Amino acid sequence: MDTLEQNPVHKDDYHPDFLEPSPIQEEYAPVIFAQDSVSHVVSIDVLSGKEDRENVLQARKSGKGVLTAPFRLLKTNRLGVILTFAVYKRDLPPNAAHNERIQATDGYLGGVFDIESLVEKLLHQLASKQTILVNVLDTTNQSYPISMYGSNASNDGLEHVSHLNFGDPFRKHEMRCRFKQKPPWPWLAITTSIGILVIALLVGHIFHATVNRIAKVEDDCHKMMELKKQAEAADVAKSQFLATVSHEIRTPMNGVLGMLDMLMDTDLDVTQLDYVRTAQASGKALVALINEVLDQAKIESGKLELEEVQFDLRAILDDVLSLFSGKSQDKGVELAVYISDRVPDMLIGDPGRFRQIITNLMGNSIKFTEKGHILVTVHLVEELIDSIEVETESSSKNTLSGFPVADRSQSWKGFRAFSQEGSMHPFSDSINLIVSVEDTGVGIPPEAQSRVFTPFMQVGPSISRTHGGTGIGLSISKCLVGLMKGEIGFVSIPKIGSTFTFTAVFTSGCSSSKEYKSQQINCQSNTVSSEFHGMRALVMDPRPVRAKVSKYHIQRLGIHVEVVSDWKQGLSSISRANNAMHMVLIEQEVWDRDLKSSGLFMEKMGPGSPPKVFLLSNSINFSRGNTTPGAYGLTVISKPLRASMLAASLQRAMGIGNKGNPCNGELPSLSLRNLLLGRKILIVDDNNVNLKVAAGALKKYGADVVSATRGIKAIELLTPPHHFDACFMDIQMPEMDGFEATRRIRDVEQNINNHIKFGEISVDDYNNVSNWHVPILAMTADVIQATHEECLRCGMDGYVSKPFEAEQLYREVSRFFH
C-alpha cells in the first residue's frame, strides 16, 4: 500500500499516551504492520473495533477472504476497504466445523486497498481516446448503495453495469461504466438500416415485377392457346378447303379425261387423234399439279403418311421408263435403268411414293437434258461401301452416251448411311437402297444450288418460262425420302449435268415374291421368263456401262448374256458357240460406224441356223445409216429397254410364246371384253358425266353396269337378295353421302346374315348365299388420308381416286373376283 500513502506519517503526529487501551476480552488480535509509513504505531488490536472484529471473526469462520465496508482512509480521505484472511496452523477440510477453525487459527492476514487508485489503474488503458467514467458501488444494501469510486452525476448516455466479486460472499459490489462524451452517431447502424431498406425496396420491386411478369405470361399463354385454337381451326379449314377444291376440280377433270379416253376408242383420223392425245396430256398435267399442291399441304400439316405393302421395284422402274420413253426418243436422249442383282425382287414399303420420287427426279432430268443420256441406277448401300467404284466411273469414256457427267460420288458425300453408325439397322431384313439419277443436262448454277429443295423456288425466271413447273417436286421428294428414313443430295456442274442421289430403307419381301409375281398383269411373270430360259445372247457394245444396262435387261428374261466390244470378238464368240448362240443384239452406234464391217459380219455368221440379229437403237436414229436394217433382216428394238417390251420384241421376231400376250402392249379388244364378262356392277354417283365415264370404262371390260344417282337408291338395289358382284360408290352426294349409304348396306347385310345363321330365315330365299357382303369401292375426288381411313371405318373395301382410268377401275374390282 506504499503507493496509496504518498505522504508518510511521522511520529510527532501521534502521542501514545492519548491512545486508548484495548478493552479486556477473551481473545486479542494484535496487528503487525508491514509498512514503514505506520511503523510508529505501537500496537493495534483488530478485535477491539466492532467492524474489524466482525470482519476477522467472519474470515476465521468461513476460511475465505472478507472485505470490510468502505471507509475513509487516513490523510487521503479516500475510500478504501480492508481484505482479511484467516491463517491456520494446519490444512483443514472445506467442511471443517467452526470450533475446529478457531482451534487451528494461527493469525490473520489483512490489507488495505485504495479503491479509487485501483480502479483508475485498471481502467487506464480501456479509456482509449475517450474518457470513461466508472462508478464502483457497494450494493450489499440495495436500498442504500455506497459509492466506493466515481461520481454519481447522472448521464443520458448508455451505461454498462457489471458485478464485482472480491471474494467476500456476504458483500456485493457493482461497477458502472460509461463514456464521458455523448455517443457519436451510429453511422454503421444508419448505413446498415438504409441498406436494408434499399434491399427491401428492391426485393419488393422484384416481387412486384415478378407478379406482373407471371400475370403477363399467363395472359400470353391464354393468347397463345387462343392462337393455337385459331391455327388448328385454320389448318382444318385449309385442309377442308383443299379437299373441297380438289374435289371440285377432280370431278370435272374425271369427266374430261374419261371422255377423251372414250373418244380415243372411236374411229379418228390422225389429226383428231393427235388433238385428243394433246388434250389428255394437258389434263393429266393439271391433275399432277393438283397432286403436288395437295402433297405440299400434307407435308406442312405433318399428315403425309406412307404405306407398307409389297411391291416389285423393277416393275415400277419399267413403268417410269414407259412414262418418259416418248419424250426421250423425241429429244434423242438415251434413257436407261440399271438395278443391281443384289437388290431383292420384292420389297415392302410405299411403291406409290417411291414412284413419285423417281418420277420427279427423272422428270427434271428429261426437262433439262437436250443431248446425251439419263441413267438411273439402284444398288444396296453395302455395295457402294464395299467398293465405291462398283458402278460407272465419272470419265467421259465410260458413260452411257459418252458425254461427261458430274461425279456421282459427290452427290452422297456426307450421307449418314455411309458412316459406320448409319449403315447399321436394327432389323436384319432391312434393305437400304441407294438410287442415283444421272443426266447430261444444262446443270444447276452454283448460286442456285442452295435453294434447290426450297418449295416453290425456281433456278431462275428464264427456267420457269422455258421449262415450266411449280418448283415443289424436289421439296416433296426430299420430304418423302425423309419419311423413308433416307437422305437426298446432288452434284451439278453447269453445261455438264446433274446427278441426284437418295437412299431409302425398305423391308425385304422375297419370301412371297413368287406368289406376288404370279398375280401381276405386267410382263414380269415367270411364264415369260421361262420361254427364254436356257437361251444364249451376244451383246455387241464398246461402252461398258451401256453394255451392262443391256445385259441387265436381257438377263431378267432368263437368257445367258455374253458381251463383246467389236465385230471381230463377236464372230469369235459365235464360232465358239457352235450354233448355240440364239440371238445377237448390236448397238446402233456399232452398226452405223462401219457399214462395211456390218455387212461382212452378217455374211460370216455362218451357214445353218444363224442367230437372230437385233439392233438396239433410239428410234430417232434409224435414218442415219446408209443401209437400212431391214436389208439384212434385222429387227429393231427401241430404247429404253424394259422387260415387257424386250420380251414382246423377242417373241415376235423369234416366233416363240404367245404372240398375242396382253402384256406386250395394249390389250386386244376381244381380250378386254372377256375380263369382266358376266359381272354385274353398280355405279353410284350424282354426276351424270362421271356415271358415263365409269360405265364406259367398265363396259370396255365386258361388265354389265347399272347406274344410280342417290345413296337411297343404292341401298334399295343392294338389299339382299340381289345379283350385283360389286359397287363403286361416290362419297359426296346430296341427301345421303356414300359413307352413310355404305353403313346402312352393311347393317342390312349383317342383319340378314345373323337371321340365316340362327335359322330364322331360309338360305334358299337369298340365292343360297349364307354370308352377304358385296364389295363396295369408294369413288371420289378426295385424296386426303382422313377420307381413306373413313372409307375403311364405314365398311368400304377399296378406294379409287378421281380422275380414274379404265385400267384402274378394272384392277381394283378384279381383286374380288376369282
# chains A, B, ... in the order shown; residues from 1 in each chain; ligands from 1
call {"tool": "residues_around", "arguments": {"residues": "range 276-279 of chain A", "least_positions_apart": "2", "cutoff": "10 Å", "atoms": "only C-alpha atoms", "output": "JSON, numbers by chain"}}
result
{"A": [256, 257, 259, 260, 261, 263, 264, 268, 270, 271, 272, 273, 274, 281, 282, 283, 284, 285]}
call {"tool": "residues_around", "arguments": {"residues": "Ala537 in chain A", "least_positions_apart": "2", "cutoff": "9 Å", "atoms": "only C-alpha atoms", "output": "PyMOL selection string"}}
result
chain A and resi 535+539+554+559-563+581-585+611
call {"tool": "select_by_dssp", "arguments": {"residues": "range 45-216 of chain A", "states": "strand (DSSP E)", "output": "PyMOL selection string"}}
result
chain A and resi 66-67+71-72+79-88+105-114+132-138+146-149+160-164+173-179
call {"tool": "closest_residue", "arguments": {"among": "A:Leu197, A:Ile249, A:Leu92, A:Ala714", "to": "Ala104 in chain A", "atoms": "only C-alpha atoms"}}
result
A:Leu92
call {"tool": "select_by_dssp", "arguments": {"residues": "range 570-776 of chain A", "states": "helix (DSSP H, G or I)", "output": "MDAnalysis selection string"}}
result
chainID A and resid 570:577 588:593 595:604 619:624 629:632 643:654 662:664 669:675 688:700 711:717 738:757 763:766
call {"tool": "atom_distance", "arguments": {"atom1": "CA of Ala69 in chain A", "atom2": "CA of Asp138 in chain A"}}
result
7.9 Å
call {"tool": "atom_distance", "arguments": {"atom1": "CA of Ser762 in chain A", "atom2": "CA of Leu718 in chain A"}}
result
18.8 Å
call {"tool": "closest_residue", "arguments": {"among": "A:Phe739, A:Trp591, A:Tyr799, A:Tyr810", "to": "Lys700 in chain A", "atoms": "only C-alpha atoms"}}
result
A:Tyr810
call {"tool": "closest_residue", "arguments": {"among": "A:Asp765, A:Glu487, A:Glu383, A:Asp220", "to": "Thr503 in chain A", "atoms": "only C-alpha atoms"}}
result
A:Glu487
call {"tool": "closest_residue", "arguments": {"among": "A:Val684, A:Thr742, A:Ile444, A:Ser550", "to": "Arg710 in chain A", "atoms": "only C-alpha atoms"}}
result
A:Val684
call {"tool": "residues_around", "arguments": {"residues": "Ile102 in chain A", "least_positions_apart": "4", "cutoff": "10 Å", "atoms": "only C-alpha atoms", "output": "PyMOL selection string"}}
result
chain A and resi 57+60-61+86+88+97-98+106
call {"tool": "write_last_selection", "arguments": {"atoms": "C-alpha atoms", "output": "mmCIF file, in the first residue's frame"}}
result
data_model
loop_
_atom_site.group_PDB
_atom_site.id
_atom_site.type_symbol
_atom_site.label_atom_id
_atom_site.label_comp_id
_atom_site.auth_asym_id
_atom_site.auth_seq_id
_atom_site.Cartn_x
_atom_site.Cartn_y
_atom_site.Cartn_z
ATOM 1 C CA LEU A 57 -14.289 -13.453 13.023
ATOM 2 C CA ARG A 60 -11.869 -17.207 10.545
ATOM 3 C CA LYS A 61 -15.270 -18.822 10.421
ATOM 4 C CA ALA A 86 -7.520 -16.249 8.464
ATOM 5 C CA TYR A 88 -4.419 -21.757 10.006
ATOM 6 C CA ALA A 97 -16.509 -27.131 11.893
ATOM 7 C CA HIS A 98 -16.421 -23.677 13.500
ATOM 8 C CA ASP A 106 -2.712 -19.079 13.963
#
call {"tool": "closest_residue", "arguments": {"among": "A:Arg250, A:Lys802, A:Lys680, A:Arg171", "to": "Leu286 in chain A", "atoms": "only C-alpha atoms"}}
result
A:Arg250
call {"tool": "closest_residue", "arguments": {"among": "A:Leu571, A:Val491, A:Val378, A:Leu317", "to": "Lys604 in chain A", "atoms": "only C-alpha atoms"}}
result
A:Leu571
call {"tool": "residues_around", "arguments": {"residues": "Cys791 in chain A", "least_positions_apart": "3", "cutoff": "12 Å", "atoms": "only C-alpha atoms", "output": "short mmCIF file (atom, residue, chain, number, x, y, z; two decimals) with C-alpha atoms, in the first residue's frame"}}
result
data_model
loop_
_atom_site.label_atom_id
_atom_site.label_comp_id
_atom_site.auth_asym_id
_atom_site.auth_seq_id
_atom_site.Cartn_x
_atom_site.Cartn_y
_atom_site.Cartn_z
CA MET A 729 -69.81 -45.60 -104.51
CA ASP A 730 -69.25 -41.87 -104.75
CA ILE A 731 -68.71 -40.23 -101.36
CA ASP A 737 -73.37 -39.42 -98.70
CA GLY A 738 -71.52 -42.59 -99.61
CA PHE A 739 -70.33 -43.21 -96.04
CA GLU A 740 -73.84 -43.34 -94.61
CA ALA A 741 -75.15 -45.40 -97.53
CA THR A 742 -72.37 -47.96 -97.03
CA ARG A 743 -73.05 -48.20 -93.27
CA ILE A 776 -68.01 -51.56 -102.22
CA LEU A 777 -65.24 -49.32 -103.50
CA ALA A 778 -65.15 -45.59 -102.80
CA MET A 779 -65.01 -43.44 -105.92
CA THR A 780 -64.22 -39.86 -105.01
CA ASP A 782 -60.89 -36.55 -102.12
CA VAL A 783 -57.34 -37.86 -101.79
CA ILE A 784 -56.60 -36.90 -98.19
CA GLN A 785 -55.66 -39.64 -95.72
CA ALA A 786 -58.64 -38.95 -93.45
CA THR A 787 -61.06 -39.75 -96.28
CA HIS A 788 -59.32 -43.05 -96.97
CA CYS A 794 -67.62 -47.35 -92.62
CA GLY A 795 -67.14 -50.76 -94.27
CA MET A 796 -65.83 -49.99 -97.75
CA ASP A 797 -63.39 -52.43 -99.35
CA GLY A 798 -61.28 -50.15 -101.53
CA TYR A 799 -60.62 -46.69 -102.83
CA VAL A 800 -60.46 -45.21 -106.35
#
